[in-house]
Every structure is written in C-alpha cells, then in structure tokens.
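One file, model.cif, is given below (mmCIF, C-alpha atoms and all ligand atoms).
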```cif
data_model
loop_
_atom_site.label_atom_id
_atom_site.label_comp_id
_atom_site.auth_asym_id
_atom_site.auth_seq_id
_atom_site.Cartn_x
_atom_site.Cartn_y
_atom_site.Cartn_z
CA ASN M 17 29.44 -25.63 191.10
CA LEU M 18 31.17 -23.93 188.18
CA GLN M 19 33.76 -22.12 190.32
CA ASP M 20 35.21 -25.47 191.37
CA TYR M 21 36.00 -26.36 187.76
CA GLY M 22 36.45 -23.14 185.82
CA HIS M 23 34.63 -24.45 182.76
CA TYR M 24 31.32 -26.12 182.09
CA MET M 25 33.02 -28.77 180.00
CA LEU M 26 35.16 -30.01 182.90
CA LYS M 27 32.23 -29.73 185.31
CA GLU M 28 30.06 -31.81 182.98
CA ILE M 29 32.80 -34.41 182.47
CA MET M 30 33.08 -34.73 186.25
CA GLU M 31 29.31 -34.98 186.67
CA GLN M 32 29.09 -38.17 184.65
CA PRO M 33 28.87 -40.65 187.54
CA GLU M 34 25.85 -38.73 188.89
CA ALA M 35 24.32 -38.29 185.44
CA ILE M 36 24.57 -42.03 184.79
CA LYS M 37 22.98 -42.80 188.17
CA ARG M 38 20.04 -40.62 187.14
CA THR M 39 19.72 -42.41 183.78
CA LEU M 40 19.59 -45.73 185.62
CA LYS M 41 17.37 -44.59 188.50
CA ASP M 42 14.09 -46.54 188.76
CA ARG M 43 14.98 -48.39 185.54
CA LEU M 44 17.75 -50.67 186.73
CA THR M 45 16.32 -52.87 189.47
CA GLU M 46 17.75 -55.79 191.40
CA SER M 47 16.22 -58.25 188.98
CA GLY M 48 16.27 -56.49 185.63
CA VAL M 49 15.34 -53.38 183.68
CA VAL M 50 11.99 -51.64 183.55
CA ILE M 51 11.16 -48.87 181.12
CA PRO M 52 7.38 -48.38 181.40
CA GLU M 53 7.39 -45.98 178.41
CA VAL M 54 8.68 -48.78 176.19
CA ASP M 55 6.05 -51.21 177.53
CA ASP M 56 3.30 -48.68 176.72
CA PHE M 57 4.76 -48.13 173.29
CA PHE M 58 4.74 -51.82 172.45
CA ALA M 59 1.23 -52.20 173.82
CA LYS M 60 -0.11 -49.30 171.77
CA ARG M 61 1.77 -49.80 168.53
CA LYS M 62 1.50 -53.58 168.63
CA LEU M 63 4.96 -53.59 167.18
CA THR M 64 5.64 -57.12 168.31
CA ASP M 65 8.02 -58.00 165.57
CA PRO M 66 10.12 -55.20 164.01
CA GLU M 67 12.02 -56.35 160.92
CA ARG M 68 14.71 -53.72 161.09
CA ILE M 69 15.95 -50.93 163.31
CA ILE M 70 17.39 -47.64 162.10
CA ILE M 71 19.11 -45.33 164.56
CA VAL M 72 19.22 -41.70 163.40
CA ALA M 73 21.24 -38.93 165.04
CA SER M 74 23.88 -36.26 164.42
CA GLY M 75 27.46 -35.69 165.61
CA THR M 76 28.26 -37.19 168.98
CA SER M 77 24.72 -38.57 169.25
CA HIS M 78 25.39 -40.41 165.98
CA HIS M 79 28.48 -41.94 167.57
CA ALA M 80 26.30 -43.14 170.45
CA GLY M 81 23.98 -44.49 167.74
CA MET M 82 26.86 -46.42 166.14
CA ILE M 83 27.62 -47.99 169.52
CA GLY M 84 23.91 -48.75 169.88
CA LYS M 85 23.88 -50.42 166.47
CA LYS M 86 26.54 -52.92 167.50
CA ILE M 87 24.86 -53.60 170.84
CA LEU M 88 21.33 -54.00 169.47
CA GLU M 89 22.48 -56.15 166.60
CA THR M 90 24.19 -58.51 169.03
CA MET M 91 21.27 -58.58 171.47
CA LEU M 92 18.45 -58.91 168.92
CA ASP M 93 18.55 -60.83 165.69
CA ILE M 94 17.43 -57.91 163.57
CA PRO M 95 19.49 -55.85 161.15
CA VAL M 96 20.32 -52.48 162.70
CA GLU M 97 21.63 -49.46 160.85
CA ALA M 98 23.12 -46.29 162.36
CA ALA M 99 22.39 -43.43 160.00
CA ILE M 100 23.64 -39.85 159.99
CA ALA M 101 20.43 -37.84 160.25
CA SER M 102 21.38 -35.29 157.58
CA GLU M 103 22.12 -38.11 155.13
CA PHE M 104 19.14 -40.23 156.06
CA ARG M 105 16.68 -37.44 155.39
CA CYS M 106 17.97 -37.22 151.79
CA GLU M 107 18.26 -40.92 151.00
CA HIS M 108 17.29 -44.03 152.87
CA GLY M 109 16.37 -47.63 152.26
CA ARG M 110 12.99 -49.24 152.86
CA LEU M 111 10.92 -47.77 155.67
CA ASP M 112 7.54 -49.09 156.72
CA GLU M 113 5.39 -50.11 159.71
CA LYS M 114 7.80 -52.95 160.40
CA THR M 115 10.68 -50.52 160.90
CA LEU M 116 11.61 -49.24 164.32
CA VAL M 117 13.45 -45.91 164.23
CA ILE M 118 15.44 -44.80 167.26
CA ALA M 119 16.16 -41.05 167.13
CA ILE M 120 18.85 -39.80 169.50
CA SER M 121 19.29 -36.12 170.34
CA GLN M 122 20.48 -34.48 173.54
CA SER M 123 18.71 -31.20 172.80
CA GLY M 124 15.81 -32.78 170.96
CA GLU M 125 15.93 -29.77 168.64
CA THR M 126 18.54 -30.72 166.03
CA ALA M 127 16.90 -29.92 162.69
CA ASP M 128 18.56 -32.78 160.80
CA THR M 129 17.38 -35.33 163.35
CA ILE M 130 13.85 -33.92 163.45
CA SER M 131 13.65 -34.00 159.63
CA ALA M 132 14.79 -37.63 159.69
CA LEU M 133 12.10 -38.39 162.26
CA LYS M 134 9.40 -36.76 160.11
CA GLU M 135 10.60 -38.77 157.12
CA ALA M 136 10.36 -41.96 159.18
CA LYS M 137 6.89 -41.17 160.49
CA LYS M 138 5.62 -40.39 156.99
CA SER M 139 6.44 -43.97 156.02
CA GLY M 140 4.61 -45.40 159.00
CA ALA M 141 7.70 -46.36 160.99
CA ALA M 142 7.47 -46.28 164.77
CA VAL M 143 9.85 -43.91 166.54
CA ILE M 144 11.48 -44.19 169.96
CA ALA M 145 13.41 -41.06 170.96
CA ILE M 146 16.33 -40.86 173.35
CA SER M 147 16.62 -37.27 174.53
CA ASN M 148 17.73 -35.14 177.45
CA TYR M 149 14.98 -32.54 177.14
CA ARG M 150 11.39 -32.82 178.12
CA LYS M 151 9.01 -31.03 175.82
CA SER M 152 11.61 -30.86 173.05
CA THR M 153 10.34 -31.12 169.47
CA LEU M 154 11.82 -34.60 169.17
CA ALA M 155 10.15 -35.75 172.38
CA ARG M 156 6.78 -34.37 171.27
CA LYS M 157 6.86 -35.96 167.83
CA SER M 158 8.02 -39.44 168.84
CA ASP M 159 5.85 -42.41 169.83
CA CYS M 160 7.92 -43.02 172.94
CA VAL M 161 10.69 -41.09 174.73
CA ILE M 162 13.43 -42.41 176.96
CA TYR M 163 14.89 -39.43 178.82
CA THR M 164 18.57 -39.57 179.65
CA HIS M 165 18.20 -37.29 182.73
CA ALA M 166 21.80 -36.09 182.28
CA GLY M 167 20.90 -32.62 183.61
CA PRO M 168 21.60 -29.42 181.66
CA GLU M 169 24.63 -29.61 179.40
CA LEU M 170 25.89 -26.08 178.80
CA ALA M 171 29.32 -26.60 177.19
CA VAL M 172 28.97 -26.93 173.42
CA ALA M 173 30.84 -30.25 173.41
CA ALA M 174 28.66 -33.20 174.35
CA THR M 175 30.15 -35.25 177.18
CA LYS M 176 27.60 -36.47 179.72
CA ALA M 177 25.02 -36.46 176.93
CA TYR M 178 27.03 -39.15 175.13
CA THR M 179 27.69 -41.47 178.06
CA THR M 180 24.07 -41.30 179.24
CA GLN M 181 22.83 -41.98 175.70
CA ILE M 182 24.89 -45.17 175.56
CA THR M 183 23.60 -46.10 179.02
CA ALA M 184 20.02 -45.60 177.81
CA LEU M 185 20.74 -47.69 174.70
CA VAL M 186 22.06 -50.55 176.83
CA LEU M 187 18.90 -50.39 178.98
CA LEU M 188 16.77 -50.39 175.84
CA SER M 189 18.71 -53.31 174.37
CA ILE M 190 17.95 -55.35 177.50
CA VAL M 191 14.23 -54.55 177.36
CA LEU M 192 14.06 -55.31 173.63
CA ALA M 193 16.03 -58.55 173.94
CA LYS M 194 13.45 -59.76 176.48
CA LYS M 195 10.46 -58.62 174.45
CA LEU M 196 11.73 -59.94 171.14
CA HIS M 197 13.52 -63.00 172.56
CA GLY M 198 16.77 -61.91 170.98
CA SER M 199 19.72 -64.25 171.09
CA GLY M 200 21.49 -61.80 173.40
CA GLU M 201 19.16 -62.67 176.27
CA GLY M 202 21.96 -64.78 177.74
CA GLN M 203 24.13 -61.68 178.12
CA ILE M 204 21.58 -59.91 180.31
CA PRO M 205 22.88 -61.03 183.75
CA ALA M 206 26.42 -59.87 182.91
CA LEU M 207 25.11 -56.59 181.53
CA LEU M 208 23.02 -55.97 184.63
CA ASP M 209 26.09 -56.50 186.83
CA ALA M 210 28.06 -54.07 184.70
CA LEU M 211 25.29 -51.47 184.82
CA HIS M 212 25.14 -51.71 188.61
CA SER M 213 28.81 -50.75 188.87
CA LEU M 214 28.90 -48.35 185.90
CA ALA M 215 28.77 -45.06 187.83
CA ASP M 216 31.54 -46.23 190.19
CA ASP M 217 33.63 -47.40 187.24
CA VAL M 218 33.25 -43.99 185.55
CA GLU M 219 34.35 -42.34 188.79
CA LYS M 220 37.42 -44.61 188.82
CA CYS M 221 38.22 -43.65 185.21
CA LEU M 222 38.20 -39.98 186.16
CA VAL M 223 40.60 -40.59 189.03
CA MET M 224 42.83 -43.01 187.13
CA THR M 225 43.35 -40.95 183.97
CA GLN M 226 43.00 -37.23 184.75
CA ASP M 227 46.62 -36.39 185.65
CA ALA M 228 48.23 -38.52 182.93
CA ILE M 229 45.92 -37.04 180.31
CA ASP M 230 46.66 -33.51 181.49
CA GLN M 231 50.36 -34.25 180.92
CA PHE M 232 49.82 -35.89 177.54
CA ALA M 233 47.82 -32.84 176.46
CA GLN M 234 50.99 -30.75 176.92
CA VAL M 235 52.76 -33.11 174.47
CA THR M 236 50.07 -32.53 171.83
CA ASN M 237 50.57 -28.76 172.00
CA ASP M 238 53.12 -28.59 169.20
CA GLN M 239 51.52 -31.34 167.10
CA GLU M 240 49.50 -30.78 163.97
CA HIS M 241 48.01 -34.24 163.67
CA LEU M 242 46.86 -36.96 165.99
CA PHE M 243 45.46 -40.39 165.16
CA LEU M 244 43.12 -42.59 167.09
CA ILE M 245 42.87 -46.27 166.22
CA GLY M 246 40.67 -49.10 167.41
CA ARG M 247 38.60 -52.06 166.30
CA GLY M 248 34.90 -52.76 166.73
CA LEU M 249 33.42 -50.58 169.47
CA ASP M 250 36.89 -49.09 170.01
CA TYR M 251 36.79 -47.77 166.46
CA VAL M 252 33.49 -45.98 167.09
CA LEU M 253 34.95 -44.55 170.25
CA ALA M 254 37.99 -43.37 168.27
CA LEU M 255 35.60 -41.41 166.02
CA GLU M 256 34.10 -39.73 169.06
CA GLY M 257 37.55 -38.94 170.53
CA ALA M 258 38.62 -37.38 167.23
CA LEU M 259 35.48 -35.25 167.01
CA LYS M 260 36.06 -33.90 170.54
CA LEU M 261 39.69 -32.98 169.76
CA GLN M 262 38.72 -31.25 166.51
CA GLU M 263 35.90 -29.37 168.17
CA VAL M 264 37.51 -28.21 171.40
CA ALA M 265 41.29 -28.23 170.73
CA TYR M 266 41.15 -27.41 166.97
CA LEU M 267 43.59 -30.26 166.48
CA HIS M 268 43.49 -32.29 163.30
CA ALA M 269 42.57 -35.62 164.85
CA ASP M 270 41.51 -38.57 162.72
CA ALA M 271 40.08 -41.92 163.68
CA TYR M 272 40.74 -45.15 161.81
CA ALA M 273 39.63 -48.72 162.10
CA ALA M 274 42.99 -50.11 163.22
CA GLY M 275 43.07 -52.80 160.52
CA GLU M 276 42.59 -50.18 157.80
CA MET M 277 45.80 -48.25 158.48
CA LYS M 278 47.81 -50.51 156.18
CA HIS M 279 45.44 -49.71 153.31
CA GLY M 280 46.61 -46.12 153.03
CA THR M 281 46.80 -44.08 156.19
CA MET M 282 50.01 -45.72 157.38
CA ALA M 283 51.79 -43.39 154.94
CA LEU M 284 50.94 -40.52 157.31
CA ILE M 285 52.63 -42.12 160.30
CA THR M 286 55.98 -40.43 160.81
CA PRO M 287 58.33 -40.50 163.83
CA GLY M 288 56.82 -38.90 166.92
CA VAL M 289 53.27 -38.51 165.58
CA PRO M 290 50.86 -39.12 168.47
CA VAL M 291 48.58 -42.16 168.16
CA ILE M 292 45.99 -43.13 170.72
CA ALA M 293 45.39 -46.86 170.51
CA LEU M 294 42.17 -48.10 172.08
CA ALA M 295 42.32 -51.71 173.18
CA THR M 296 39.35 -52.22 175.49
CA GLN M 297 37.59 -55.04 173.64
CA GLU M 298 38.93 -58.28 175.07
CA HIS M 299 37.98 -60.43 172.05
CA LEU M 300 39.83 -58.06 169.65
CA ARG M 301 42.90 -57.53 171.82
CA ASP M 302 45.40 -59.67 169.91
CA LYS M 303 44.56 -57.99 166.63
CA ALA M 304 44.71 -54.56 168.30
CA ILE M 305 48.19 -55.39 169.61
CA ASN M 306 49.36 -56.30 166.09
CA ASN M 307 48.06 -52.97 164.80
CA ILE M 308 49.83 -51.10 167.60
CA LYS M 309 53.08 -52.84 166.63
CA GLU M 310 52.60 -51.67 163.04
CA VAL M 311 52.43 -47.98 164.01
CA LYS M 312 55.23 -48.42 166.55
CA ALA M 313 57.42 -49.82 163.78
CA ARG M 314 57.04 -46.37 162.12
CA ASP M 315 58.10 -44.70 165.39
CA ALA M 316 54.75 -43.18 166.27
CA TYR M 317 54.32 -42.08 169.88
CA VAL M 318 51.62 -44.45 171.08
CA VAL M 319 49.36 -44.01 174.09
CA GLY M 320 47.40 -47.18 174.76
CA ILE M 321 44.06 -47.21 176.58
CA THR M 322 43.27 -50.61 177.96
CA THR M 323 41.94 -52.40 181.02
CA THR M 324 43.81 -52.56 184.31
CA GLY M 325 46.74 -54.92 184.40
CA ASP M 326 46.91 -55.65 180.68
CA ASP M 327 50.70 -55.92 180.37
CA GLU M 328 50.59 -57.19 176.81
CA VAL M 329 49.27 -53.84 175.62
CA SER M 330 51.51 -51.89 177.99
CA ALA M 331 54.55 -53.76 176.62
CA VAL M 332 54.04 -52.42 173.08
CA VAL M 333 53.09 -48.77 173.73
CA ASP M 334 55.02 -45.71 174.92
CA GLU M 335 52.50 -44.89 177.60
CA VAL M 336 49.56 -46.82 178.96
CA LEU M 337 46.36 -45.58 180.57
CA TYR M 338 44.46 -48.16 182.53
CA ILE M 339 40.71 -48.08 183.02
CA PRO M 340 38.54 -50.59 184.91
CA GLU M 341 37.30 -53.65 183.05
CA ALA M 342 33.55 -53.86 182.41
CA HIS M 343 31.23 -55.62 179.99
CA PRO M 344 32.51 -54.91 176.42
CA PHE M 345 29.30 -52.98 175.59
CA LEU M 346 30.05 -50.53 178.39
CA MET M 347 33.73 -50.00 177.64
CA PRO M 348 32.87 -47.12 175.24
CA VAL M 349 31.40 -45.27 178.24
CA LEU M 350 34.52 -45.81 180.36
CA ALA M 351 37.09 -45.15 177.65
CA ALA M 352 35.26 -41.96 176.62
CA ILE M 353 36.40 -40.36 179.89
CA PRO M 354 40.13 -40.02 179.08
CA LEU M 355 39.27 -38.88 175.53
CA GLN M 356 36.95 -36.15 176.79
CA LEU M 357 39.59 -35.06 179.31
CA LEU M 358 42.21 -34.98 176.55
CA ALA M 359 40.08 -32.69 174.38
CA TYR M 360 39.49 -30.44 177.38
CA TYR M 361 43.14 -30.18 178.48
CA ALA M 362 44.43 -29.88 174.90
CA GLY M 363 41.97 -27.01 174.33
CA ILE M 364 43.16 -25.31 177.52
CA VAL M 365 46.88 -25.74 176.68
CA ARG M 366 46.24 -24.23 173.27
CA GLY M 367 44.43 -21.30 174.84
CA TYR M 368 40.95 -21.82 173.39
CA ASP M 369 37.50 -21.17 174.77
CA VAL M 370 36.65 -24.80 175.48
CA ASP M 371 33.03 -24.09 176.40
CA ARG M 372 32.27 -22.13 173.25
CA PRO M 373 34.38 -23.40 170.35
CA ARG M 374 34.46 -21.24 167.24
CA ASN M 375 31.85 -21.71 164.49
CA LEU M 376 29.71 -24.09 166.55
CA ALA M 377 26.37 -23.88 168.34
CA LYS M 378 24.96 -26.10 171.05
CA SER M 379 21.71 -26.75 169.26
CA LEU M 380 21.59 -26.77 165.47
CA THR M 381 18.14 -25.72 164.38
CA VAL M 382 19.09 -25.32 160.71
CA GLU M 383 19.56 -28.20 158.27
C1 LIG S 401 29.78 -32.69 169.67
C2 LIG S 401 28.42 -32.22 169.73
C3 LIG S 401 27.56 -32.33 168.52
C4 LIG S 401 26.15 -32.82 168.89
C5 LIG S 401 25.24 -32.77 167.67
C6 LIG S 401 23.87 -33.34 167.96
O1 LIG S 401 30.44 -32.57 170.90
O2 LIG S 401 27.97 -31.75 170.75
O3 LIG S 401 28.13 -33.14 167.55
O4 LIG S 401 26.25 -34.11 169.40
O5 LIG S 401 25.12 -31.46 167.20
O6 LIG S 401 23.23 -32.66 168.99
P1 LIG S 401 21.95 -33.27 169.67
O7 LIG S 401 22.35 -34.47 170.42
O8 LIG S 401 21.43 -32.17 170.57
O9 LIG S 401 20.99 -33.60 168.56
#
```
What's the structure tokens form of this structure?
Ligand code: F6R
Amino acid sequence: NLQDYGHYMLKEIMEQPEAIKRTLKDRLTESGVVIPEVDDFFAKRKLTDPERIIIVASGTSHHAGMIGKKILETMLDIPVEAAIASEFRCEHGRLDEKTLVIAISQSGETADTISALKEAKKSGAAVIAISNYRKSTLARKSDCVIYTHAGPELAVAATKAYTTQITALVLLSIVLAKKLHGSGEGQIPALLDALHSLADDVEKCLVMTQDAIDQFAQVTNDQEHLFLIGRGLDYVLALEGALKLQEVAYLHADAYAAGEMKHGTMALITPGVPVIALATQEHLRDKAINNIKEVKARDAYVVGITTTGDDEVSAVVDEVLYIPEAHPFLMPVLAAIPLQLLAYYAGIVRGYDVDRPRNLAKSLTVE
C-alpha cells in the first residue's frame, strides 16, 4: 500500500512485475499467444490483409507506439508508422479500409488520441485500441480493445502504463505475425521465452538498479542539463527517459539518436555534463560503444545501461548499470525501470511533488 512507498509514482514503478503478469494472464500460454478479441476482430472485419499500420498515441503512449512500430515492422512485412495523435489529426497520409490503426491510451480519454481515432474511422480504417480503462471513450469507439490490466495509475507520470503497453504490443505482434504470415514468425519461440520471464526480469531490474540510481540522482541535483543517447529501440527509450525527467524532476533532459550527436549536439557536451548511454541492443552495441567514446572524449560523465556482464561497455563509461538480458524487443521494458527510478529520485532530491507535477494533468481531455 501507499504508506510503504510514500508516493504513488514509486508504488506504481514497484508494481510493474505484477502489472505485467496481469497483461500476460490468459494470453501467454505454454504454446503461444491467444487474444480472442483480436480473433473476433479479424473474423468480423475480414481484414485479412492490411496494407499499412498506423499507431496513434500521445506522450509516453506515443513512445510505446514508437517501440511498437519497430517491433511490428520487423514481425510483419507491412509499413508501420508511429504518429503523434495531435499531429495525425491535422495531417496524415492515405487512410482507407486497408489501413489498420492501433490507438494507444492508458486513460482512453486523451482528446488528441480520440480525435485521431475518429479521423481514422471516418476513412474506413479499422481500429484496435490498447487501453487500461474499460468503458473509456477510446475503448467504446474502437473495433477491438486489448486491455493492459495495469491497475489504476494515480501518479501523473506514466510508468506501469508504458511497460504494459509494450507488453501488449509484443503479444499483438505475435498474433499478427501468425495471422498475416509475417517474416518475423521465426522469432516467435524466442519472444515467447522472453515473455515468460519478463515479470521476473523486471523484478531483477528493480533490485539491481534502485540504489545506484538513487545515488546518481543526487549527482544530477546541481545539473541543468542531462542527455540520453541510444540507437534503435534504445533511442526511443531515451526519449521516454527524457520525458520522465522533464516531467517529474523539471530537469532539462534531451534524448538523441547516438549517431546524430556529431551532427550538432556534440557542441553542448562540456566536462562533467551527465549523459546516460543506453546500450541494450546487442546488434548495435559496437556502434553504441563508439558513440560513448565520442562523448567521453569531451569529458562527459557517462552512465551506461547495458546487459549483465558486458565489460566492453563498462570499460568506456564512468558508471555502469547492469540489467538482465532479454529478447531485444523487450529490452525497452527492462531498461525503462532505471530511467523511471531516476526521474522519481531526481524529483525527490529537488524537492518536487513527484505525483502531481506542475502544469500537468493525468488525463488530457482538451486538444
Ligand atoms: C507522461 C504521461 C503522458 C501520457 C499522455 C497520454 O508520463 O503520462 O505523456 O502518456 O498524456 O496519456 P494516455 O495514455 O492516457 O492517452
């Protein structure tokens, strides 16, 4: 209960293993994934062959959507776009009956996301929603809803909403890869294994990183800027980490695709500036290490987040945080844990109301 944690945000961060178990319950079986709602949807809509997928969402849910884009694109052989709902509702490319729209919203009441959904439906596109709330507007207006079952999220900052959304997207990607015979079908056994151990791996991340992150948060107290860098899925995760730090700790945190630093942002790297380098994607590791060396050469203070035992990353950073290794698609769930904890502890050190950050509301019902 709340007394054990002091704040909803910390309580909700700690609840993630349980929340993920609920997202997976009755869907992840010994032999595969079943989402009856998605079966019904395909049966009714006869959408046997979508030509494109557009994921619409706002804020943190958009970041989950960007992760989903990369996963779905790899699993299926269909172009997938991750659109910011408020932008999409103003301007978008072709939309028709061959388009599958996936709308993601924890609350199911975000006005921008609902407007995007209406826009999509007007053009005949089919809509699958991923939401945490039954009976929400989004759930009611969509053709199919996959509930995340994260439980109530009361802190303004989304934490368990995000990790359960990615979990739901991975489940959906498995179901769609089977239905549409996507080229990612071969990845399914490895993904199933990773999903079976996901809740335990999240628990390990909490234990492995909490104290070190608490200490690093003290270091950020007198800093004005912080950078997060990563490639591929690590870049998307960097965006989410930056948003959390801005929102909860009022710290100017910026995320960059690690390879882009040299095209401008490197000019901002001065001695001692904190940089969080995400290096969780095995196939991008060598390039990530080169990028870390570039910021180290400018004397940044680099904290690396990588998988257990990776001494090549630990050799080039000032501090390393290890997290368990999982399937690359699920690393954004695991590596989100230390970033959420950092935002929380940095907000506390700076003396802010972490559950109710200034100028923000939990559910944004205006466009
Ligand atoms: C950030 C945060 C927001 C929400 C966004 C969308 O921590 O909570 O960025 O993610 O307002 O909210 P939902 O998912 O309810 O549509």
Point to revise | At most 6 Å from ligand LIG 401 (chain S) (all atoms listed in the file): residue list as JSON, numbers by chain | key: {"M": [74, 75, 76, 77, 121, 122, 123, 124, 126, 172, 173, 174, 260, 379]}
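With all atoms listed in the file as the atoms that count, the residue of M:Asp371, M:Glu256, M:Asp238, M:Asp159 with the shortest distance to Val54 (chain M) is M:Asp159.
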Exercise for review: Select all residues near (20.9, -42.4, 175.0) (cut-off 12 Å, inclusive, file coordinates), counting only C-alpha atoms, and output them as a count of residues only.
Suggested key: 51
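What separates CA of Gly320 (chain M) from CA of His343 (chain M) is a distance of 19.0 Å.
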Listed atoms of region 87-94 of chain M, axis-aligned box, 5 Å per side: centre and edge lengths to one decimal in Å, as JSON?
```
{"center_x": 21.1, "center_y": -57.2, "center_z": 167.5, "size_x": 17.4, "size_y": 17.2, "size_z": 17.9}
```
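The coordinates place CA of Gly200 (chain M) at 26.7 Å from CA of Gly275 (chain M).
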Review point. Of the residues M:Phe232, M:Leu253, M:Met347, M:Leu355, which is the one nearest to Glu335 (chain M), using all atoms listed in the file?
Key: M:Phe232
Review point. Do you know which residues are at most 10 Å from Lys86 (chain M) counting all atoms listed in the file, after dropping those on the same chain fewer than 2 positions away, and could you put them as number ranges by chain?
Key: M: 81-84, 88-91, 95-98, 248-249, 252, 345
Revision key, fill the gap. Closest of M:Ala155, M:Ala269, M:Ala304, M:Ala254 to Glu125 (chain M), counting all atoms listed in the file, is M:Ala155
Check your understanding: If we count all atoms listed in the file, what is near Glu113 (chain M) at a cut-off of 8 Å, once residues fewer than 2 positions away on the same chain are taken out, given as a list in words?
Key -> Leu111, Thr115, Leu116, Ser139, Gly140, Ala141 and Ala142 of chain M
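For the residues M:Asp209, M:Asp270, M:Glu107, M:Glu276, ranking by smallest atom-to-atom distance to Ile292 (chain M) using all atoms listed in the file places M:Asp270 first.
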